[in-house]
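A.B. asks: Sharing a structure below in structure tokens format, with a few things to ask.
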Amino acid sequence: MLYWTPLAVAAHGKPLMSMLIELCVVVSALLVVGGWLLSSIGQLNATGYAVWLIATSLITWAWLQRQQRTTNQSAGCHWLRLIRRIRRPLPMMFLGLTLLAALGAVLHPPANLDGLNQRVPRVLNWLLANRWYWIDPAPASFNTWPCNFEWLSAPLILFTNTDRWMFILNIAAYLLLPGLIFSVWTQLGVSRRVAWHWMWLLPTGYCFLLQAGSVYNDAFGAVYALAAIHFALRARRSPRGWDLELSLVAAAFMTAVKPVNFALLIPWLIAAAPALPRLLRRPIIAAVSLAIGALVSFAPTAYLNQRHCGDWTGITIALPTDRFEKSNAPEALLGNVIFTLRDNLTPPIFPFAGWWNAHIPQLVPEGLHRALHKDVGRGRDELRLPELQVEESAGLGLGLVVLLIVSFVTARPAWPRIWRWRSASLWLSPYLAFLAYAAAMMIPTAARYLASYYPLLLPVWLMGTGHRWVVRRNWWKWLEFAAMVVAAGVLVLNPARPLWPAVSTSSWLYRNHPNNALFERVHRVYAAYADRWDGMAGVRRALPADAREIGLLVCRPASQSEASLWRPFGFRRVLDLSVNQATAIIKQHRLRYVVVGAELGASLVQNRPFSEWFADWTADVHGQVIATTHSQLLAARGEATWYILRIQK
């Protein structure tokens with residue numbers, strides 16, 4: 001992603017928008033290709049990256065020069081036009097929300113458990129070894145998940161020695177969403193006036209807005225999904241430039257951001273199909289594009305998965321059959337639809353969540369309850385609702401869903417006319433992609449995973465001349481304004497990055513009203529999020545100064561903050577252990593210190609009480625407990641206990 005991407009908020013002026021999107025795809029692809037190439041020669045370090053970043057900058061400069069020659073206006077004219085456009089109310093509100101998201105990211109370190117326990121540690125492992133390698137021992141996600149977001153964040157972590165600036169990737173991607181939505185939707189048949197309003201509204205969906213300042217990568221993939229369709233539709237109309245090649249690279253790139261984006265290749269193929277034969281006319285350029293596309297796609301990860309675990313998807317070791325029961329397609333589809341509706345219809349603030357969670361889930365029929373607890377959803381109450389929308393589960397949000405329904409009902413779209421549209425397959429294919437994805441595996445946080453799908457699923461509901469009348473109504477503009485104000489409130493109250501003195505205020509309220517359950521809950525939530533980024537600081541401080549390589553034995557990733565143990569980055573290496581292999585790994589690596597979490601379940605310790613198993617295992621590895629400490633990363637759970645062992649030689 002462009003680390004230096006400017007504030008291209010309203011770039012629906014075609015030359016400027018196209019240039020920024022092209023640069024996004026080109027620079028992102030070059031950085032990912034650079035990561036794989038430097039890794040292959042063992043130069044994934046500061047020197048290697050410095051050389052590659054210089055090469056990337058030169059290629060980017062050459063691309064900019066080419067763009068300037070092919071536009072009729074100077075860059076200054078484009079920026080003046082951009083400034084005039086963002087002075088309108090909707091763009092100004094969008095820009096304000098973007099600045100709030102960026103402010104929250106600057107004030108608060110990343111507190112996303114996926115990032116702390118997977119993305120950051122796997123990058124640190126690679127940088128320490130100067131190359132990508134199959135990290136063993138480690139959770140399956142360290143090796144089997146695609147790497148594009150990590151390859152883009154690796155230079156940031158390497159040169160800043162912190163994960164604080166990884167949010168730049170998401171902020172830059174977020175700024176490109178309005179222009180991409182406008183371009184794709186108008187090419188699909190949505191009125192320009194309607195697209196103008198929704199290009200600012202859709203990015204205020206909670207899954208986009210809350211992730212703009214985080215290190216989640218669900219919304220990040222939406223940029224490449226839209227870019228792939230954008231360039232494919234342009235390539236259909238005109239053979240000029242590199243549209244088809246850029247479309248191919250963007251489509252390949254999105255598959256290695258999130259595996260669920262694979263199904264979006266269906267609408268991309270339909271959009272690009274008329275232009276694909278054109279690749280045969282330029283075989284050399286086509287070969288280079290295909291090679292780059294292969295490197296930035298899921299293909300390298302698929303090859304490595306097949307080589308190391310015999311399954312190109314990696315699901316064999318990610319979801320072992322002895323612990324998870326696989327859903328069939330109808331069950332998975334039903335579950336994903338329910339989870340998606342649940343998270344998209346939850347109010348932004350729901351003070352009655354406690355009552356709901358205590359009563360409503362009990363009404364679920366037993367058969368449906370069993371079906372919804374398969375796959376990764378096992379052990380989760382399928383109808384539980386949060387008090388506040390958070391980035392871990394948020395979808396578009398109730399505000400945008402209501403606005404969409406009101407707009408659709410009021411517009412009274414002429415369905416027969418829409419069905420006769422010659423490109424109907426383009427806006428039907430995203431629904432086919434959704435069915436393909438939803439039937440594959442049940443995901444409790446399906447609403448968040450669909451971030452790349454929403455921009456392609458919505459156009460069909462906004463077609464027809466009636467919508468042009470709706471967006472002119474004053475009452476609709478007030479609803480539009482209200483939806484953005486509510487989105488701003490969700491952003492300000494976001495537990496991961498609150499824009500108010502949340503911890504001190506909630507602590508004061510709780511001290512003065514100790515019997516108030518709401519104040520107690522608010523205090524616990526904000527306190528847990530505030531400490532999560534360095535949740536194992538107490539464990540780290542208890543480690544001896546010579547602990548340069550340590551083992552970590554824990555059963556629940558949600559109960560740890562592994563990146564916390566790596567701090568300061570580059571000083572220490574953390575090896576993730578499993579109960580079955582811990583003893584062998586300790587001897588193989590001659591580990592002197594091991595951190596053990598007391599949350600190890602009975603099923604993982606031979607169905608014995610933890611204290612009994614821990615005493616026997618400690619004696620077996622000749623370990624001695626030198627410190628005991630506690631941490632709390634999740635408000636819904638109590639404090640986790642950690643034991644620090646010194647392994648006797």
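Letters A, B, ... mark the chains of the structure tokens in the order given; residue numbers begin at 1 per chain; ligand numbers begin at 1, in order shown.
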Do you know which residues are at most 7 Å from Ser247 in chain A counting only C-alpha atoms, after dropping those on the same chain fewer than 3 positions away, and could you put them as a list in words?
C.D. replies: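 Neighbouring residues, sequence-local ones excluded: Ala227, Ala228, Ile229, Phe231, Ala232, Asp243, Leu244, Ala250 and Ala251 of chain A.
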A.B. asks: May I have the residues from that selection written out with N, CA and C atoms, as a short mmCIF file (atom, residue, chain, number, x, y, z; two decimals), in the first residue's frame?
C.D. replies:
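As a result, result-v3.cif now contains:
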data_model
loop_
_atom_site.label_atom_id
_atom_site.label_comp_id
_atom_site.auth_asym_id
_atom_site.auth_seq_id
_atom_site.Cartn_x
_atom_site.Cartn_y
_atom_site.Cartn_z
N ALA A 227 -10.82 -2.31 -6.97
CA ALA A 227 -9.86 -1.93 -8.02
C ALA A 227 -9.86 -2.95 -9.15
N ALA A 228 -9.98 -4.24 -8.80
CA ALA A 228 -10.01 -5.28 -9.84
C ALA A 228 -11.20 -5.08 -10.76
N ILE A 229 -12.39 -4.80 -10.20
CA ILE A 229 -13.58 -4.57 -11.01
C ILE A 229 -13.47 -3.26 -11.77
N PHE A 231 -10.78 -1.65 -12.93
CA PHE A 231 -9.91 -1.75 -14.11
C PHE A 231 -10.49 -2.72 -15.14
N ALA A 232 -11.18 -3.77 -14.68
CA ALA A 232 -11.77 -4.72 -15.63
C ALA A 232 -12.86 -4.05 -16.47
N ASP A 243 -4.99 -1.26 -18.17
CA ASP A 243 -6.14 -1.56 -17.33
C ASP A 243 -6.32 -3.05 -17.08
N LEU A 244 -6.21 -3.86 -18.12
CA LEU A 244 -6.42 -5.30 -17.96
C LEU A 244 -5.36 -5.92 -17.06
N ALA A 250 -4.64 -6.77 -9.30
CA ALA A 250 -5.48 -6.43 -8.15
C ALA A 250 -6.33 -7.61 -7.72
N ALA A 251 -6.89 -8.35 -8.70
CA ALA A 251 -7.71 -9.52 -8.37
C ALA A 251 -6.86 -10.59 -7.68
#
A.B. asks: Env of Thr313 in chain A: 12 Å cut, atoms = only C-alpha atoms, seq-sep filter 6 positions within chain, self excluded. Answer as a PyMOL selection string.
C.D. replies: chain A and resi 140-141+143-146+256+259-260+262+298-307+319
A.B. asks: Using only C-alpha atoms, what does the table of range 487-562 of chain A residues within 8 Å of range 617-634 of chain A look like, with each row giving the shortest atom pair and its distance in Å to one decimal, sorted by chain and ascending number, as a tab-separated table?
C.D. replies:
residue	atom	partner	partner_atom	distance
A:Val525	CA	A:Leu634	CA	7.5
A:Ala528	CA	A:Leu633	CA	5.2
A:Tyr529	CA	A:Leu633	CA	6.8
A:Asp531	CA	A:Leu633	CA	7.2
A:Arg532	CA	A:Leu633	CA	5.3
A:Gly535	CA	A:Ser631	CA	6.3
A:Met536	CA	A:Ser631	CA	6.4
A:Gly538	CA	A:Thr629	CA	6.5
A:Val539	CA	A:Thr629	CA	6.2
A:Ala542	CA	A:Ala627	CA	6.6
A:Ala558	CA	A:Leu633	CA	7.5
A:Ser559	CA	A:Leu633	CA	6.2
A:Gln560	CA	A:Leu633	CA	7.1
A:Ser561	CA	A:Leu633	CA	7.8
A.B. asks: I'd like to know which residues of range 47-253 of chain A are helix (DSSP H, G or I) (by DSSP, run on the backbone); could you write them as a ChimeraX atom specification?
C.D. replies: /A:47-70,75-86,89-107,113-129,141-144,148-160,167-188,192-204,206-213,220-237,243-253
A.B. asks: Near range 22-37 of chain A, counting only C-alpha atoms, which residues have an atom at most 8 Å away, once you skip same-chain residues fewer than 4 positions from it, shown as a list in words?
C.D. replies: Met1, Leu2, Ser18, Ile41, Leu44, Tyr49, Trp52, Leu53, Thr56, Thr60, Trp63, Trp132, Asn148, Trp151, Leu152, Tyr224, Leu246, Val249, Ala250, Phe253, Ile292, Leu295 and Val296 of chain A
A.B. asks: Compare A:Met441, A:Tyr593, A:Val522, A:Val579 by their minimum atom-to-atom distance to Glu549 in chain A, counting only C-alpha atoms, and give me the closest one.
C.D. replies: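 Nearest to Glu549 in chain A: A:Tyr593.
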A.B. asks: Would you write out, as a Markdown table, a table of all residues in range 157-233 of chain A that have an atom no more than 6 Å from an atom of range 443-461 of chain A, listing for each the closest atom pair and the distance in Å to one decimal, considering only C-alpha atoms and ordering rows by chain and rising residue number?
C.D. replies:
| residue | atom | partner | partner_atom | distance |
| --- | --- | --- | --- | --- |
| A:Cys207 | CA | A:Arg448 | CA | 6.0 |
| A:Asp218 | CA | A:Tyr449 | CA | 5.8 |
| A:Ala219 | CA | A:Ala451 | CA | 5.1 |
| A:Gly221 | CA | A:Ser452 | CA | 5.8 |
| A:Ala222 | CA | A:Ser452 | CA | 3.9 |
A.B. asks: Got time to write the residues from that selection, all heavy atoms, as a PDB file, in the first residue's frame?
C.D. replies:
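Heads up, here's the output in out04.pdb:
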ATOM      1  N   CYS A 207     -17.684  -1.528   9.896  1.00  0.00           N
ATOM      2  CA  CYS A 207     -16.563  -2.424   9.581  1.00  0.00           C
ATOM      3  C   CYS A 207     -15.452  -1.675   8.858  1.00  0.00           C
ATOM      4  O   CYS A 207     -14.268  -2.020   8.988  1.00  0.00           O
ATOM      5  CB  CYS A 207     -17.038  -3.617   8.765  1.00  0.00           C
ATOM      6  SG  CYS A 207     -17.784  -3.202   7.171  1.00  0.00           S
ATOM      7  N   ASP A 218      -9.764  -6.885   6.985  1.00  0.00           N
ATOM      8  CA  ASP A 218     -10.985  -7.212   6.248  1.00  0.00           C
ATOM      9  C   ASP A 218     -11.347  -6.084   5.287  1.00  0.00           C
ATOM     10  O   ASP A 218     -11.557  -6.311   4.091  1.00  0.00           O
ATOM     11  CB  ASP A 218     -12.136  -7.456   7.225  1.00  0.00           C
ATOM     12  CG  ASP A 218     -11.790  -8.486   8.277  1.00  0.00           C
ATOM     13  OD1 ASP A 218     -11.894  -9.681   7.983  1.00  0.00           O
ATOM     14  OD2 ASP A 218     -11.404  -8.084   9.389  1.00  0.00           O
ATOM     15  N   ALA A 219     -11.448  -4.856   5.801  1.00  0.00           N
ATOM     16  CA  ALA A 219     -11.782  -3.707   4.961  1.00  0.00           C
ATOM     17  C   ALA A 219     -10.651  -3.378   3.996  1.00  0.00           C
ATOM     18  O   ALA A 219     -10.883  -2.841   2.911  1.00  0.00           O
ATOM     19  CB  ALA A 219     -12.104  -2.491   5.830  1.00  0.00           C
ATOM     20  N   GLY A 221      -8.961  -5.388   2.191  1.00  0.00           N
ATOM     21  CA  GLY A 221      -9.137  -6.145   0.956  1.00  0.00           C
ATOM     22  C   GLY A 221     -10.185  -5.567   0.036  1.00  0.00           C
ATOM     23  O   GLY A 221     -10.175  -5.832  -1.177  1.00  0.00           O
ATOM     24  N   ALA A 222     -11.118  -4.750   0.564  1.00  0.00           N
ATOM     25  CA  ALA A 222     -12.172  -4.168  -0.268  1.00  0.00           C
ATOM     26  C   ALA A 222     -11.593  -3.263  -1.345  1.00  0.00           C
ATOM     27  O   ALA A 222     -12.140  -3.172  -2.456  1.00  0.00           O
ATOM     28  CB  ALA A 222     -13.156  -3.386   0.601  1.00  0.00           C
TER      29      ALA A 222
END
A.B. asks: In Å, with one decimal, what is the gap from CA of Cys147 in chain A to CA of Leu290 in chain A?
C.D. replies: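 Interatomic distance here is 18.6 Å.
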A.B. asks: Find the spatial neighbours of range 477-489 of chain A, counting only C-alpha atoms, within a cut-off of 8 Å - ignore same-chain residues fewer than 4 positions away - and output them as number ranges by chain.
C.D. replies: A: 93, 97, 201, 204-206, 209, 348, 399-400, 403, 471-473, 493
A.B. asks: Looking at A:Phe434, A:Ala440, A:Asp114, A:Arg548, which one is nearest to Phe569 in chain A, with distances taken over only C-alpha atoms?
C.D. replies: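 Closest residue, counting only C-alpha atoms: A:Arg548.
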A.B. asks: From the options A:Thr255, A:Asn515, A:Gln588, A:Ser297, which residue's atoms come nearest to Leu575 in chain A, counting only C-alpha atoms?
C.D. replies: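 Ranked by minimum distance to Leu575 in chain A, first place goes to A:Gln588.
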A.B. asks: Residues near range 154-160 of chain A, anyone? I mean within 8 Å using only C-alpha atoms, not counting same-chain ones fewer than 5 positions away, as a compact mmCIF listing (two decimals) with all heavy atoms, in the first residue's frame.
C.D. replies:
# COMPACT_ATOMS: atom_id res chain seq x y z
N ASN A 45 16.05 -7.89 5.43
CA ASN A 45 16.63 -7.06 6.48
C ASN A 45 16.66 -5.61 6.01
O ASN A 45 16.16 -5.28 4.92
CB ASN A 45 18.04 -7.55 6.82
CG ASN A 45 18.90 -7.75 5.59
OD1 ASN A 45 18.89 -6.93 4.66
ND2 ASN A 45 19.64 -8.86 5.55
N ALA A 46 17.26 -4.75 6.79
CA ALA A 46 17.26 -3.32 6.48
C ALA A 46 17.97 -3.03 5.17
O ALA A 46 17.50 -2.21 4.36
CB ALA A 46 17.92 -2.54 7.62
N TYR A 49 15.79 -4.33 2.20
CA TYR A 49 14.59 -3.50 2.01
C TYR A 49 14.95 -2.10 1.52
O TYR A 49 14.19 -1.48 0.76
CB TYR A 49 13.79 -3.42 3.30
CG TYR A 49 12.61 -4.36 3.29
CD1 TYR A 49 12.49 -5.37 4.25
CD2 TYR A 49 11.61 -4.26 2.34
CE1 TYR A 49 11.40 -6.24 4.25
CE2 TYR A 49 10.52 -5.12 2.32
CZ TYR A 49 10.43 -6.11 3.28
OH TYR A 49 9.37 -6.97 3.26
N VAL A 123 5.71 -11.62 11.41
CA VAL A 123 6.65 -10.72 10.75
C VAL A 123 7.96 -10.66 11.53
O VAL A 123 9.05 -10.68 10.94
CB VAL A 123 6.04 -9.31 10.60
CG1 VAL A 123 7.10 -8.31 10.15
CG2 VAL A 123 4.89 -9.33 9.60
N LEU A 127 11.69 -11.48 10.09
CA LEU A 127 12.78 -10.49 10.11
C LEU A 127 13.97 -11.01 10.91
O LEU A 127 15.13 -10.74 10.57
CB LEU A 127 12.28 -9.17 10.71
CG LEU A 127 11.24 -8.41 9.87
CD1 LEU A 127 10.76 -7.17 10.62
CD2 LEU A 127 11.80 -8.01 8.51
N TRP A 165 2.63 2.09 13.74
CA TRP A 165 2.32 2.77 12.48
C TRP A 165 1.72 1.84 11.43
O TRP A 165 1.53 2.24 10.29
CB TRP A 165 3.58 3.45 11.93
CG TRP A 165 4.18 4.39 12.93
CD1 TRP A 165 5.32 4.20 13.64
CD2 TRP A 165 3.62 5.63 13.35
NE1 TRP A 165 5.53 5.27 14.48
CE2 TRP A 165 4.50 6.16 14.32
CE3 TRP A 165 2.48 6.36 13.01
CZ2 TRP A 165 4.25 7.38 14.96
CZ3 TRP A 165 2.24 7.57 13.65
CH2 TRP A 165 3.12 8.06 14.59
N MET A 166 1.38 0.64 11.82
CA MET A 166 0.78 -0.28 10.85
C MET A 166 -0.59 0.21 10.37
O MET A 166 -1.04 -0.14 9.28
CB MET A 166 0.63 -1.67 11.46
CG MET A 166 1.94 -2.44 11.59
SD MET A 166 1.73 -4.01 12.48
CE MET A 166 0.60 -4.87 11.39
